[in-house]
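Here the structure comes first, spelled out in structure tokens, and everything after it is commentary.
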Amino acid sequence: MADTIVQDRPSLITALEQLDTRLRWLSSWMVHNANHLRPKTENMKVGGHQASCASMTAIMAALYFHALRPQDKVAVKPHAGPVLHAIHYLLGQQSLDRMQRFRGLGGVQSYPSRTKDAIPVDFSTGSVGLGVAVTAFSSLVQDYLIAHGQVKEENAGRMIALMGDAELDEGNIYECLIEGYKHDLRNCWWIVDYNRQSLDATTADRMFRRFDDIFETCGWRVVTLKFGKLQQAAFKRPGGKAIEQWIDSCPNADYAALTYQGGGAWRERLMADLGDKPNVAKLIDSYDDDALAALMTNLGGHCIESLVEAFDGADDDRPTLFIAYTVKGFGLPLAGHKDNHSGMMNPAQMEQFRASLGVPEGQEWERWGGLGDNAATQLQAFVDASPIARKLAEPEAELVPVPANLCAPDGAEQSTQAAFGRILLDLAKSGEPLADRIVTTAPDVTQTTNLGAFVNQRGLFRRQELADVFHKAKIPSAQKWSQHAAGQHIELGIAENNFFIMLASLGLAAPHFGTRLLPVGTVYDPFISRGLDALNYGCYQNARFLLVGTPSGLTLAAEGGAHQSINTPLIGMGQPGLTYFEPAYADEATAMMAFAFDHMQQPDGGSVYLRLSTRAIAQVRRENDDWKAEALKGGYWLRAPARGAELAIVFTGVVAPEALAAWEQLAEDVPGLGLLNVTSPDLLHRDWSARRAARWTDGSPQPCHADTLLSALAPGAGLVTVLDGSPGALSWLGGVRGMRVSPLGTDRFGQTGSLPDLYCTYRLDSDAIVEAAAELFMGH
């Protein structure tokens, strides 16, 4: 800690208080510059959150320059992003140019981003609440790596989340709390900036008094920093106890309003409420208006000494919630005002603020403007010697070799879901290095998504071994789930947000811990939508994982509409950082899994989503592997068309038998009829879009894969597209070369029924394909 440079406690506190002031100034000035000084091309507010930054500066000064160790990782409250950039500016890791372009192109991001900011960012934040829960799951990932000998126990870091109190309204935080308790969470700090103001209003008093109970029930230590040292000293004076009790019972809205009004308002209210109590008037009269305002706003979250004591006191691995009482906009002219969340200081207020801090005009961007050379030199030395300044860049993790040829499972009839499970089982038995780096997880659907065999082979992860009572009692069971530190499956409860945040945390093992994991997560395909925000969050920070959505579509038949996915192909196509495949056959699933394990490790790679099915279908016979390269580009001709053919059937996934049957019925009547297997609508569409965009940059763009495939057909040919999902996933193919399209798929909620009945009702069967083809062909 920084005590090694500043030996005595008073000097440490003084240095941190000076840093608190610098962070408050620089974060405020950054926002002010973007909105009032930087030239604008349009008369629009740039935005920023000066008040939300000001309530956090003391917390972040004490944390970053005293308590934080090089191995610790922090998810910063989104609206305190400017404070994080100011910290790295003082550390010499952020450029003045980027800060001056705050929220502008090429400048610092509105909210901390791992992939778009130039400074070190441990976790992207911005989607409210998700920057909190991810720290708990990252701590569990660290425990996994420690148990598997990939991280040393003595090098374990704390995973820390800084949050506003309004984020405690987010339900995913409580889902995370429950999961953390199940897995014996440790090495996790959550620090609440309890400023009692949200975007729309001051927060309600009643609920916050229950948070202690909630967290303590889940095994957390709760440390409340309500009163600063000035207040604590005043409470010990005659009459002080009455003021302490008054503060304890003061409604949040009243406290905020009095803070904004200042010392005179505080005096009037306190005298009205407490003036007749012994010694209170004398105590209040001992302070002038400025000193009284300073006393009444000296809350624990602004008191450096209180913060340092609290952080130093939590020196074990128990998860800890710090509730730091603060004033929103502390130290600013708009402190306490109910509209200050997205409000900001006007030029006159900023000038008042600058003058109050002694920052010389023209030195607003100077790191230590107004401090004087000697003080600036000492403070720079303090910052340079802080543990955070010695934090190394994120390590490079070694690549894990992917076997050159994963073997496709044998079987004349197979489902892609069963094939997926058998491929993982074969890997688990193989002794390949890849198998040791695979970590599987599921939200209570391990067996029903065909992960069970892998888990039987490799075990569940648990830091303390837990015996299988059924196995010991010799009760027959397909589940042989031994739970031990070497296990490679992390079982989760039914909470898809937890599932996706766990995948994201596992998928960040390489940059966070310098050792690579290859996470494989399975979830019922329709329930991807339940965790969509968390899936987007994981992709946004470039986490790498293999997501398996299964079973999918109307093909579930008897399960009914609630379990039948419709728009997940569109999710796969629309989600950046995620490559969506939908195999029809077992050998396609095998090739896609091999691709995924490699793609997840490449610098320009990403995550992969496989949409699978439980329907067993007849496998096709292959003459060679020529199809494979094209399948991994998004599609290949299962039945090649004759040159200039007027019609083709295009299908994706499990409806392959219907498409093939329709092709066989029509082949004699439609000369050269083609049958196109689109294995990834996502890759085809992305490639096509890139080709279109390249017209404005490359001059002579190369044909995209969809164009190459469809070029075998006649201009203006007809396409019948069909998949068990939204027809929009394939209907766009008509736009590639100006072809007519008859799109088949599902765009309404399903129902229960037999598979033939549903395919007939929703027009996914071969008769529907034949009818659509006949209409196109006859109308040509």
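In the structure tokens, the first chain shown is A, the next is B, and so on; residue numbers restart at 1 for each chain, and ligands run from 1 in the order shown.
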Practice item. Would you mind writing down, as JSON, numbers by chain, each residue of range 409-627 of chain A that DSSP on the backbone assigns to helix (DSSP H, G or I)? Key: {"A": [416, 417, 418, 419, 420, 421, 422, 423, 424, 425, 426, 427, 428, 429, 430, 433, 434, 435, 436, 437, 447, 448, 449, 452, 453, 454, 455, 456, 457, 458, 469, 470, 471, 472, 496, 497, 498, 499, 500, 501, 502, 503, 504, 505, 506, 509, 510, 511, 512, 513, 525, 526, 527, 528, 529, 530, 531, 532, 533, 534, 535, 536, 537, 538, 539, 540, 554, 555, 556, 557, 558, 559, 561, 562, 563, 568, 569, 570, 571, 572, 573, 574, 586, 587, 588, 589, 590, 591, 592, 593, 594, 595, 596, 597, 598, 599, 626, 627]}
Output of the above residues as a CSV table (one decimal), in the first residue's frame, restricted to C-alpha atoms:
chain,number,residue,atom,x,y,z
A,416,THR,CA,-27.2,-32.3,-33.5
A,417,GLN,CA,-27.7,-32.1,-29.7
A,418,ALA,CA,-26.7,-35.7,-29.2
A,419,ALA,CA,-23.8,-35.3,-31.5
A,420,PHE,CA,-22.6,-32.3,-29.5
A,421,GLY,CA,-22.7,-34.4,-26.3
A,422,ARG,CA,-20.8,-37.3,-27.9
A,423,ILE,CA,-18.1,-34.9,-29.3
A,424,LEU,CA,-17.5,-33.5,-25.8
A,425,LEU,CA,-17.4,-36.9,-24.3
A,426,ASP,CA,-14.8,-38.1,-26.8
A,427,LEU,CA,-12.7,-35.0,-26.0
A,428,ALA,CA,-13.0,-35.7,-22.3
A,429,LYS,CA,-11.6,-39.2,-22.8
A,430,SER,CA,-9.0,-38.1,-25.3
A,433,PRO,CA,-4.7,-30.5,-23.9
A,434,LEU,CA,-7.9,-28.9,-25.2
A,435,ALA,CA,-10.0,-31.2,-23.0
A,436,ASP,CA,-8.3,-29.9,-19.8
A,437,ARG,CA,-9.1,-26.3,-20.7
A,447,GLN,CA,-28.6,-33.4,-18.4
A,448,THR,CA,-31.3,-32.2,-20.9
A,449,THR,CA,-28.7,-30.5,-23.1
A,452,GLY,CA,-24.1,-35.2,-18.7
A,453,ALA,CA,-21.6,-37.5,-20.2
A,454,PHE,CA,-18.8,-34.9,-20.1
A,455,VAL,CA,-19.7,-34.1,-16.5
A,456,ASN,CA,-19.7,-37.9,-15.6
A,457,GLN,CA,-16.2,-38.1,-17.1
A,458,ARG,CA,-14.7,-34.9,-15.7
A,469,VAL,CA,-24.7,-39.9,-1.6
A,470,PHE,CA,-26.6,-41.9,-4.2
A,471,HIS,CA,-23.4,-43.5,-5.6
A,472,LYS,CA,-22.1,-44.3,-2.1
A,496,GLU,CA,-30.0,-17.1,-17.3
A,497,ASN,CA,-28.4,-13.8,-16.3
A,498,ASN,CA,-26.1,-15.7,-14.0
A,499,PHE,CA,-25.4,-18.1,-16.8
A,500,PHE,CA,-24.3,-15.5,-19.3
A,501,ILE,CA,-22.3,-13.5,-16.8
A,502,MET,CA,-20.5,-16.7,-15.8
A,503,LEU,CA,-19.7,-17.4,-19.4
A,504,ALA,CA,-18.4,-13.9,-19.8
A,505,SER,CA,-16.2,-14.3,-16.7
A,506,LEU,CA,-14.8,-17.6,-17.8
A,509,ALA,CA,-9.7,-15.8,-18.0
A,510,ALA,CA,-7.0,-15.3,-20.6
A,511,PRO,CA,-6.7,-11.5,-20.3
A,512,HIS,CA,-7.5,-11.4,-16.6
A,513,PHE,CA,-5.4,-14.3,-15.3
A,525,ASP,CA,-32.6,-22.1,-26.9
A,526,PRO,CA,-35.8,-20.1,-26.2
A,527,PHE,CA,-34.4,-19.0,-22.9
A,528,ILE,CA,-31.5,-17.2,-24.5
A,529,SER,CA,-33.9,-14.2,-24.5
A,530,ARG,CA,-34.1,-14.3,-20.7
A,531,GLY,CA,-30.4,-13.4,-20.4
A,532,LEU,CA,-30.0,-11.3,-23.6
A,533,ASP,CA,-28.7,-8.2,-21.8
A,534,ALA,CA,-26.0,-10.3,-20.1
A,535,LEU,CA,-25.1,-12.1,-23.4
A,536,ASN,CA,-24.7,-8.7,-25.0
A,537,TYR,CA,-22.6,-7.5,-22.1
A,538,GLY,CA,-20.2,-10.5,-22.4
A,539,CYS,CA,-19.8,-9.9,-26.1
A,540,TYR,CA,-19.2,-6.2,-25.6
A,554,LEU,CA,-41.2,-25.7,-33.2
A,555,THR,CA,-39.4,-29.0,-33.6
A,556,LEU,CA,-39.8,-29.4,-29.8
A,557,ALA,CA,-43.5,-30.1,-30.7
A,558,ALA,CA,-45.1,-31.4,-27.5
A,559,GLU,CA,-43.2,-28.9,-25.3
A,561,GLY,CA,-45.0,-22.5,-27.4
A,562,ALA,CA,-43.3,-21.4,-24.2
A,563,HIS,CA,-40.4,-23.7,-25.1
A,568,THR,CA,-33.0,-16.7,-31.9
A,569,PRO,CA,-31.5,-17.0,-35.4
A,570,LEU,CA,-32.0,-13.2,-35.7
A,571,ILE,CA,-30.4,-12.8,-32.3
A,572,GLY,CA,-27.4,-14.8,-33.5
A,573,MET,CA,-27.2,-12.7,-36.7
A,574,GLY,CA,-27.6,-9.4,-34.9
A,586,ALA,CA,-23.5,-34.4,-37.0
A,587,ASP,CA,-20.4,-33.9,-39.1
A,588,GLU,CA,-21.3,-30.2,-39.5
A,589,ALA,CA,-21.6,-29.8,-35.8
A,590,THR,CA,-18.2,-31.4,-35.4
A,591,ALA,CA,-16.6,-29.0,-37.9
A,592,MET,CA,-18.3,-26.0,-36.2
A,593,MET,CA,-17.1,-27.0,-32.7
A,594,ALA,CA,-13.5,-27.3,-34.0
A,595,PHE,CA,-13.9,-23.9,-35.6
A,596,ALA,CA,-15.3,-22.5,-32.3
A,597,PHE,CA,-12.4,-23.8,-30.2
A,598,ASP,CA,-9.9,-22.1,-32.5
A,599,HIS,CA,-12.0,-18.9,-33.1
A,626,ASP,CA,-15.0,-30.5,-49.9
A,627,TRP,CA,-18.2,-29.2,-48.3
Point to revise | Polymer residues at most 6 Å from range 219-234 of chain A, only C-alpha atoms, same-chain spacing of 6 or more positions, as a PyMOL selection string | key: chain A and resi 240+298-300+303+319-325
How would the residues just chosen look if you wrote them out with N, CA and C atoms as an mmCIF file, in the first residue's frame?
data_model
loop_
_atom_site.group_PDB
_atom_site.id
_atom_site.type_symbol
_atom_site.label_atom_id
_atom_site.label_comp_id
_atom_site.auth_asym_id
_atom_site.auth_seq_id
_atom_site.Cartn_x
_atom_site.Cartn_y
_atom_site.Cartn_z
ATOM 1 N N GLY A 240 -24.282 16.820 20.811
ATOM 2 C CA GLY A 240 -23.972 16.107 19.580
ATOM 3 C C GLY A 240 -24.822 14.878 19.344
ATOM 4 N N ASN A 298 -20.174 15.855 5.988
ATOM 5 C CA ASN A 298 -18.978 15.034 6.224
ATOM 6 C C ASN A 298 -19.394 13.585 6.473
ATOM 7 N N LEU A 299 -19.936 12.973 5.416
ATOM 8 C CA LEU A 299 -20.382 11.586 5.516
ATOM 9 C C LEU A 299 -19.202 10.633 5.306
ATOM 10 N N GLY A 300 -19.413 9.387 5.671
ATOM 11 C CA GLY A 300 -18.322 8.420 5.637
ATOM 12 C C GLY A 300 -17.701 8.224 4.275
ATOM 13 N N CYS A 303 -15.024 10.858 3.669
ATOM 14 C CA CYS A 303 -13.978 10.974 4.697
ATOM 15 C C CYS A 303 -12.868 9.987 4.378
ATOM 16 N N PRO A 319 -16.311 -12.064 1.458
ATOM 17 C CA PRO A 319 -16.948 -11.040 0.622
ATOM 18 C C PRO A 319 -17.493 -9.917 1.493
ATOM 19 N N THR A 320 -17.305 -8.696 1.036
ATOM 20 C CA THR A 320 -17.625 -7.542 1.874
ATOM 21 C C THR A 320 -18.405 -6.506 1.087
ATOM 22 N N LEU A 321 -19.479 -6.024 1.698
ATOM 23 C CA LEU A 321 -20.266 -4.920 1.147
ATOM 24 C C LEU A 321 -19.955 -3.678 1.970
ATOM 25 N N PHE A 322 -19.418 -2.646 1.320
ATOM 26 C CA PHE A 322 -19.193 -1.356 1.957
ATOM 27 C C PHE A 322 -20.324 -0.421 1.539
ATOM 28 N N ILE A 323 -21.056 0.076 2.517
ATOM 29 C CA ILE A 323 -22.103 1.056 2.235
ATOM 30 C C ILE A 323 -21.556 2.419 2.641
ATOM 31 N N ALA A 324 -21.145 3.192 1.641
ATOM 32 C CA ALA A 324 -20.514 4.479 1.893
ATOM 33 C C ALA A 324 -21.522 5.595 1.655
ATOM 34 N N TYR A 325 -21.967 6.233 2.720
ATOM 35 C CA TYR A 325 -22.902 7.354 2.595
ATOM 36 C C TYR A 325 -22.183 8.531 1.938
#
Review point. Which one of A:Lys391, A:Ala133, A:Phe545, A:Arg267 sits closest to Gly171 in chain A if you count only C-alpha atoms?
Key: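 Once distances to Gly171 in chain A are computed over only C-alpha atoms, the minimum belongs to A:Ala133.
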Check your understanding: Of the residues A:Asn346, A:Thr326, A:Asn187, A:Thr746, which is the one nearest to Ala54 in chain A, using only C-alpha atoms?
Key ->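 Closest residue, counting only C-alpha atoms: A:Thr326.
Between CA of Glu244 in chain A and CA of Val308 in chain A lies a distance of 22.4 Å.
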**Study point:** Residue nearest Leu392 in chain A - candidates A:Asp72, A:Asp682, A:Asp444, A:Glu491, atoms counted: only C-alpha atoms
**Key:**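 Nearest to Leu392 in chain A: A:Asp72.
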Practice item. Find the spatial neighbours of range 7-21 of chain A, counting only C-alpha atoms, within a cut-off of 10 Å - ignore same-chain residues fewer than 2 positions away - and output them as an MDAnalysis selection string. Key: chainID A and resid 2:5 23:26 54 56:66 83 87 90 302:306 308 331 357 368 371 375 378:380 382:383
Practice item. Name the residues in contact with Arg686 in chain A at a cut-off of 12 Å, using only C-alpha atoms, excluding same-chain residues fewer than 3 positions from it; report them as a list in words. Key: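 The contact residues come out as Gly572, Met573, Gly574, Gln575, Pro576, Gly577, Leu578, Thr579, Tyr580, Lys633, Gly634, Ser680, Pro681, Asp682, Leu683, Ser689, Ala690, Arg691, Arg692, Ala693, Cys704, His705, Ala706, Ala729, Trp732 and Leu733 of chain A.
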At a cut-off of 12 Å, using only C-alpha atoms, what residues contact Gly734 in chain A? Leave out same-chain residues fewer than 3 positions from it and give the result as a PDB file with C-alpha atoms, in the first residue's frame.
ATOM      1  CA  LEU A 647     -35.046 -22.369 -58.877  1.00  0.00           C
ATOM      2  CA  ALA A 648     -33.348 -23.467 -55.646  1.00  0.00           C
ATOM      3  CA  VAL A 650     -32.536 -23.010 -49.376  1.00  0.00           C
ATOM      4  CA  HIS A 685     -25.194 -11.936 -44.125  1.00  0.00           C
ATOM      5  CA  TRP A 688     -22.638  -9.712 -47.851  1.00  0.00           C
ATOM      6  CA  ALA A 706     -23.572 -15.771 -50.815  1.00  0.00           C
ATOM      7  CA  ASP A 707     -23.005 -14.117 -54.199  1.00  0.00           C
ATOM      8  CA  LEU A 710     -26.091 -17.971 -55.942  1.00  0.00           C
ATOM      9  CA  SER A 711     -24.176 -17.055 -59.099  1.00  0.00           C
ATOM     10  CA  LEU A 713     -28.468 -19.765 -60.761  1.00  0.00           C
ATOM     11  CA  PRO A 715     -30.563 -14.031 -62.951  1.00  0.00           C
ATOM     12  CA  GLY A 716     -33.945 -13.521 -61.335  1.00  0.00           C
ATOM     13  CA  ALA A 717     -34.190 -17.166 -60.252  1.00  0.00           C
ATOM     14  CA  GLY A 718     -36.581 -18.124 -57.459  1.00  0.00           C
ATOM     15  CA  LEU A 719     -35.549 -19.133 -53.935  1.00  0.00           C
ATOM     16  CA  VAL A 720     -37.699 -21.047 -51.447  1.00  0.00           C
ATOM     17  CA  THR A 721     -36.113 -20.457 -48.036  1.00  0.00           C
ATOM     18  CA  GLY A 728     -36.230 -13.157 -41.929  1.00  0.00           C
ATOM     19  CA  ALA A 729     -33.030 -15.068 -41.195  1.00  0.00           C
ATOM     20  CA  LEU A 730     -32.959 -16.293 -44.828  1.00  0.00           C
ATOM     21  CA  SER A 731     -35.363 -14.157 -46.852  1.00  0.00           C
ATOM     22  CA  ARG A 737     -28.578 -10.951 -56.770  1.00  0.00           C
ATOM     23  CA  GLY A 738     -32.116  -9.628 -57.150  1.00  0.00           C
ATOM     24  CA  MET A 739     -33.920 -12.988 -56.924  1.00  0.00           C
ATOM     25  CA  ARG A 740     -37.535 -13.736 -56.075  1.00  0.00           C
ATOM     26  CA  VAL A 741     -38.041 -15.297 -52.639  1.00  0.00           C
ATOM     27  CA  SER A 742     -40.783 -17.325 -51.001  1.00  0.00           C
ATOM     28  CA  PRO A 743     -39.758 -17.424 -47.306  1.00  0.00           C
TER      29      PRO A 743
END
Exercise for review: Identify which of the residues A:Ala662, A:Val134, A:Leu675, A:Leu517 lies closest to Ala768 in chain A, counting only C-alpha atoms when measuring atom-to-atom distances.
Suggested key: A:Ala662
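Between CA of Met350 in chain A and CA of Ala294 in chain A the separation is 19.7 Å.
Contact shell of Asn172 in chain A at 9 Å (only C-alpha atoms; same-chain neighbours under 3 positions omitted): Gly129, Leu130, Ala133, Asp169, Glu175, Cys176, Leu177, Ala495, Asn497 and Asn498 of chain A.
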Serialized selection, N, CA and C atoms, as a PDB file, in the first residue's frame:
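out_10.pdb was written with the following content:
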ATOM      1  N   GLY A 129     -25.969  -2.567 -13.396  1.00  0.00           N
ATOM      2  CA  GLY A 129     -25.991  -3.762 -12.563  1.00  0.00           C
ATOM      3  C   GLY A 129     -25.056  -4.849 -13.027  1.00  0.00           C
ATOM      4  N   LEU A 130     -24.819  -4.977 -14.329  1.00  0.00           N
ATOM      5  CA  LEU A 130     -24.008  -6.084 -14.818  1.00  0.00           C
ATOM      6  C   LEU A 130     -22.534  -5.906 -14.490  1.00  0.00           C
ATOM      7  N   ALA A 133     -22.330  -7.734 -10.824  1.00  0.00           N
ATOM      8  CA  ALA A 133     -22.390  -9.186 -10.705  1.00  0.00           C
ATOM      9  C   ALA A 133     -21.179  -9.866 -11.322  1.00  0.00           C
ATOM     10  N   ASP A 169     -31.344  -1.872  -7.137  1.00  0.00           N
ATOM     11  CA  ASP A 169     -32.694  -2.237  -7.579  1.00  0.00           C
ATOM     12  C   ASP A 169     -32.657  -3.326  -8.645  1.00  0.00           C
ATOM     13  N   GLU A 175     -29.910 -12.418  -7.859  1.00  0.00           N
ATOM     14  CA  GLU A 175     -29.646 -13.738  -8.434  1.00  0.00           C
ATOM     15  C   GLU A 175     -28.179 -14.101  -8.227  1.00  0.00           C
ATOM     16  N   CYS A 176     -27.316 -13.121  -8.430  1.00  0.00           N
ATOM     17  CA  CYS A 176     -25.886 -13.335  -8.246  1.00  0.00           C
ATOM     18  C   CYS A 176     -25.552 -13.643  -6.788  1.00  0.00           C
ATOM     19  N   LEU A 177     -26.177 -12.914  -5.856  1.00  0.00           N
ATOM     20  CA  LEU A 177     -25.933 -13.155  -4.429  1.00  0.00           C
ATOM     21  C   LEU A 177     -26.212 -14.603  -4.050  1.00  0.00           C
ATOM     22  N   ALA A 495     -31.154 -19.327 -13.610  1.00  0.00           N
ATOM     23  CA  ALA A 495     -31.090 -17.871 -13.748  1.00  0.00           C
ATOM     24  C   ALA A 495     -30.187 -17.583 -14.937  1.00  0.00           C
ATOM     25  N   ASN A 497     -29.389 -14.903 -16.477  1.00  0.00           N
ATOM     26  CA  ASN A 497     -28.439 -13.801 -16.330  1.00  0.00           C
ATOM     27  C   ASN A 497     -27.149 -14.288 -15.689  1.00  0.00           C
ATOM     28  N   ASN A 498     -27.274 -15.079 -14.627  1.00  0.00           N
ATOM     29  CA  ASN A 498     -26.082 -15.654 -13.999  1.00  0.00           C
ATOM     30  C   ASN A 498     -25.297 -16.499 -14.993  1.00  0.00           C
TER      31      ASN A 498
END
**Study point:** Computed interatomic separation between CA of Phe102 in chain A and CA of Ala34 in chain A (Å)
**Key:** 6.3 Å
Review point. Which neighbours of Lys152 in chain A fall inside 10 Å, counting only C-alpha atoms, when residues of the same chain fewer than 6 positions from it are skipped, and could you give them as a list of chain:residue names?
Key: A:Gln142, A:Asp143, A:Leu145, A:Ile146
Could the residues in this selection be written to a file with C-alpha atoms, as a PDB file, in the first residue's frame?
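Listing of selection_12.pdb after writing:
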ATOM      1  CA  GLN A 142     -10.246 -17.271 -10.007  1.00  0.00           C
ATOM      2  CA  ASP A 143     -11.081 -19.990  -7.462  1.00  0.00           C
ATOM      3  CA  LEU A 145      -8.019 -21.546 -11.671  1.00  0.00           C
ATOM      4  CA  ILE A 146      -6.452 -21.762  -8.212  1.00  0.00           C
TER       5      ILE A 146
END
Exercise for review: Once DSSP has gone over the backbone, tell me which residues of range 608-657 of chain A are in strand (DSSP E or B), as a list in words.
Suggested key: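 Output for range 608-657 of chain A, strand (DSSP E or B) only: Val608, Tyr609, Leu610, Arg611, Ile617, Ala618, Gly635, Tyr636, Trp637, Leu638, Arg639, Ala645, Glu646, Leu647, Ala648, Ile649, Val650, Phe651 and Thr652 of chain A.
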Writing out the chosen residues with N, CA and C atoms as a PDB file, in the first residue's frame:
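The new file result09.pdb reads:
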ATOM      1  N   VAL A 608     -18.956 -18.018 -30.137  1.00  0.00           N
ATOM      2  CA  VAL A 608     -19.700 -18.789 -31.136  1.00  0.00           C
ATOM      3  C   VAL A 608     -20.995 -19.296 -30.503  1.00  0.00           C
ATOM      4  N   TYR A 609     -22.057 -19.287 -31.306  1.00  0.00           N
ATOM      5  CA  TYR A 609     -23.372 -19.775 -30.873  1.00  0.00           C
ATOM      6  C   TYR A 609     -23.810 -20.880 -31.816  1.00  0.00           C
ATOM      7  N   LEU A 610     -24.057 -22.058 -31.249  1.00  0.00           N
ATOM      8  CA  LEU A 610     -24.603 -23.179 -32.017  1.00  0.00           C
ATOM      9  C   LEU A 610     -26.060 -23.368 -31.645  1.00  0.00           C
ATOM     10  N   ARG A 611     -26.927 -23.374 -32.641  1.00  0.00           N
ATOM     11  CA  ARG A 611     -28.364 -23.620 -32.420  1.00  0.00           C
ATOM     12  C   ARG A 611     -28.647 -25.071 -32.830  1.00  0.00           C
ATOM     13  N   ILE A 617     -32.231 -37.060 -37.315  1.00  0.00           N
ATOM     14  CA  ILE A 617     -32.526 -37.135 -38.747  1.00  0.00           C
ATOM     15  C   ILE A 617     -31.492 -38.011 -39.440  1.00  0.00           C
ATOM     16  N   ALA A 618     -31.847 -38.514 -40.602  1.00  0.00           N
ATOM     17  CA  ALA A 618     -30.924 -39.335 -41.386  1.00  0.00           C
ATOM     18  C   ALA A 618     -29.733 -38.499 -41.817  1.00  0.00           C
ATOM     19  N   GLY A 635     -22.368 -21.644 -45.929  1.00  0.00           N
ATOM     20  CA  GLY A 635     -23.298 -22.466 -46.693  1.00  0.00           C
ATOM     21  C   GLY A 635     -22.623 -23.208 -47.831  1.00  0.00           C
ATOM     22  N   TYR A 636     -23.278 -24.286 -48.278  1.00  0.00           N
ATOM     23  CA  TYR A 636     -22.760 -25.077 -49.395  1.00  0.00           C
ATOM     24  C   TYR A 636     -23.940 -25.761 -50.093  1.00  0.00           C
ATOM     25  N   TRP A 637     -23.718 -26.119 -51.355  1.00  0.00           N
ATOM     26  CA  TRP A 637     -24.762 -26.803 -52.122  1.00  0.00           C
ATOM     27  C   TRP A 637     -24.799 -28.278 -51.724  1.00  0.00           C
ATOM     28  N   LEU A 638     -25.884 -28.679 -51.070  1.00  0.00           N
ATOM     29  CA  LEU A 638     -26.061 -30.101 -50.774  1.00  0.00           C
ATOM     30  C   LEU A 638     -26.405 -30.848 -52.059  1.00  0.00           C
ATOM     31  N   ARG A 639     -27.137 -30.201 -52.941  1.00  0.00           N
ATOM     32  CA  ARG A 639     -27.388 -30.701 -54.286  1.00  0.00           C
ATOM     33  C   ARG A 639     -27.116 -29.530 -55.240  1.00  0.00           C
ATOM     34  N   ALA A 645     -29.892 -22.510 -63.538  1.00  0.00           N
ATOM     35  CA  ALA A 645     -31.156 -23.048 -63.014  1.00  0.00           C
ATOM     36  C   ALA A 645     -32.075 -21.920 -62.558  1.00  0.00           C
ATOM     37  N   GLU A 646     -33.358 -22.167 -62.702  1.00  0.00           N
ATOM     38  CA  GLU A 646     -34.354 -21.138 -62.411  1.00  0.00           C
ATOM     39  C   GLU A 646     -34.866 -21.185 -60.974  1.00  0.00           C
ATOM     40  N   LEU A 647     -34.455 -22.204 -60.207  1.00  0.00           N
ATOM     41  CA  LEU A 647     -35.046 -22.369 -58.877  1.00  0.00           C
ATOM     42  C   LEU A 647     -34.076 -23.105 -57.953  1.00  0.00           C
ATOM     43  N   ALA A 648     -34.119 -22.753 -56.660  1.00  0.00           N
ATOM     44  CA  ALA A 648     -33.348 -23.467 -55.646  1.00  0.00           C
ATOM     45  C   ALA A 648     -34.120 -23.452 -54.334  1.00  0.00           C
ATOM     46  N   ILE A 649     -33.957 -24.516 -53.584  1.00  0.00           N
ATOM     47  CA  ILE A 649     -34.489 -24.605 -52.216  1.00  0.00           C
ATOM     48  C   ILE A 649     -33.333 -24.306 -51.271  1.00  0.00           C
ATOM     49  N   VAL A 650     -33.572 -23.425 -50.337  1.00  0.00           N
ATOM     50  CA  VAL A 650     -32.536 -23.010 -49.376  1.00  0.00           C
ATOM     51  C   VAL A 650     -33.047 -23.342 -47.980  1.00  0.00           C
ATOM     52  N   PHE A 651     -32.250 -24.080 -47.209  1.00  0.00           N
ATOM     53  CA  PHE A 651     -32.708 -24.463 -45.864  1.00  0.00           C
ATOM     54  C   PHE A 651     -31.591 -24.262 -44.846  1.00  0.00           C
ATOM     55  N   THR A 652     -32.005 -24.214 -43.593  1.00  0.00           N
ATOM     56  CA  THR A 652     -31.068 -24.156 -42.462  1.00  0.00           C
ATOM     57  C   THR A 652     -31.522 -25.127 -41.390  1.00  0.00           C
TER      58      THR A 652
END
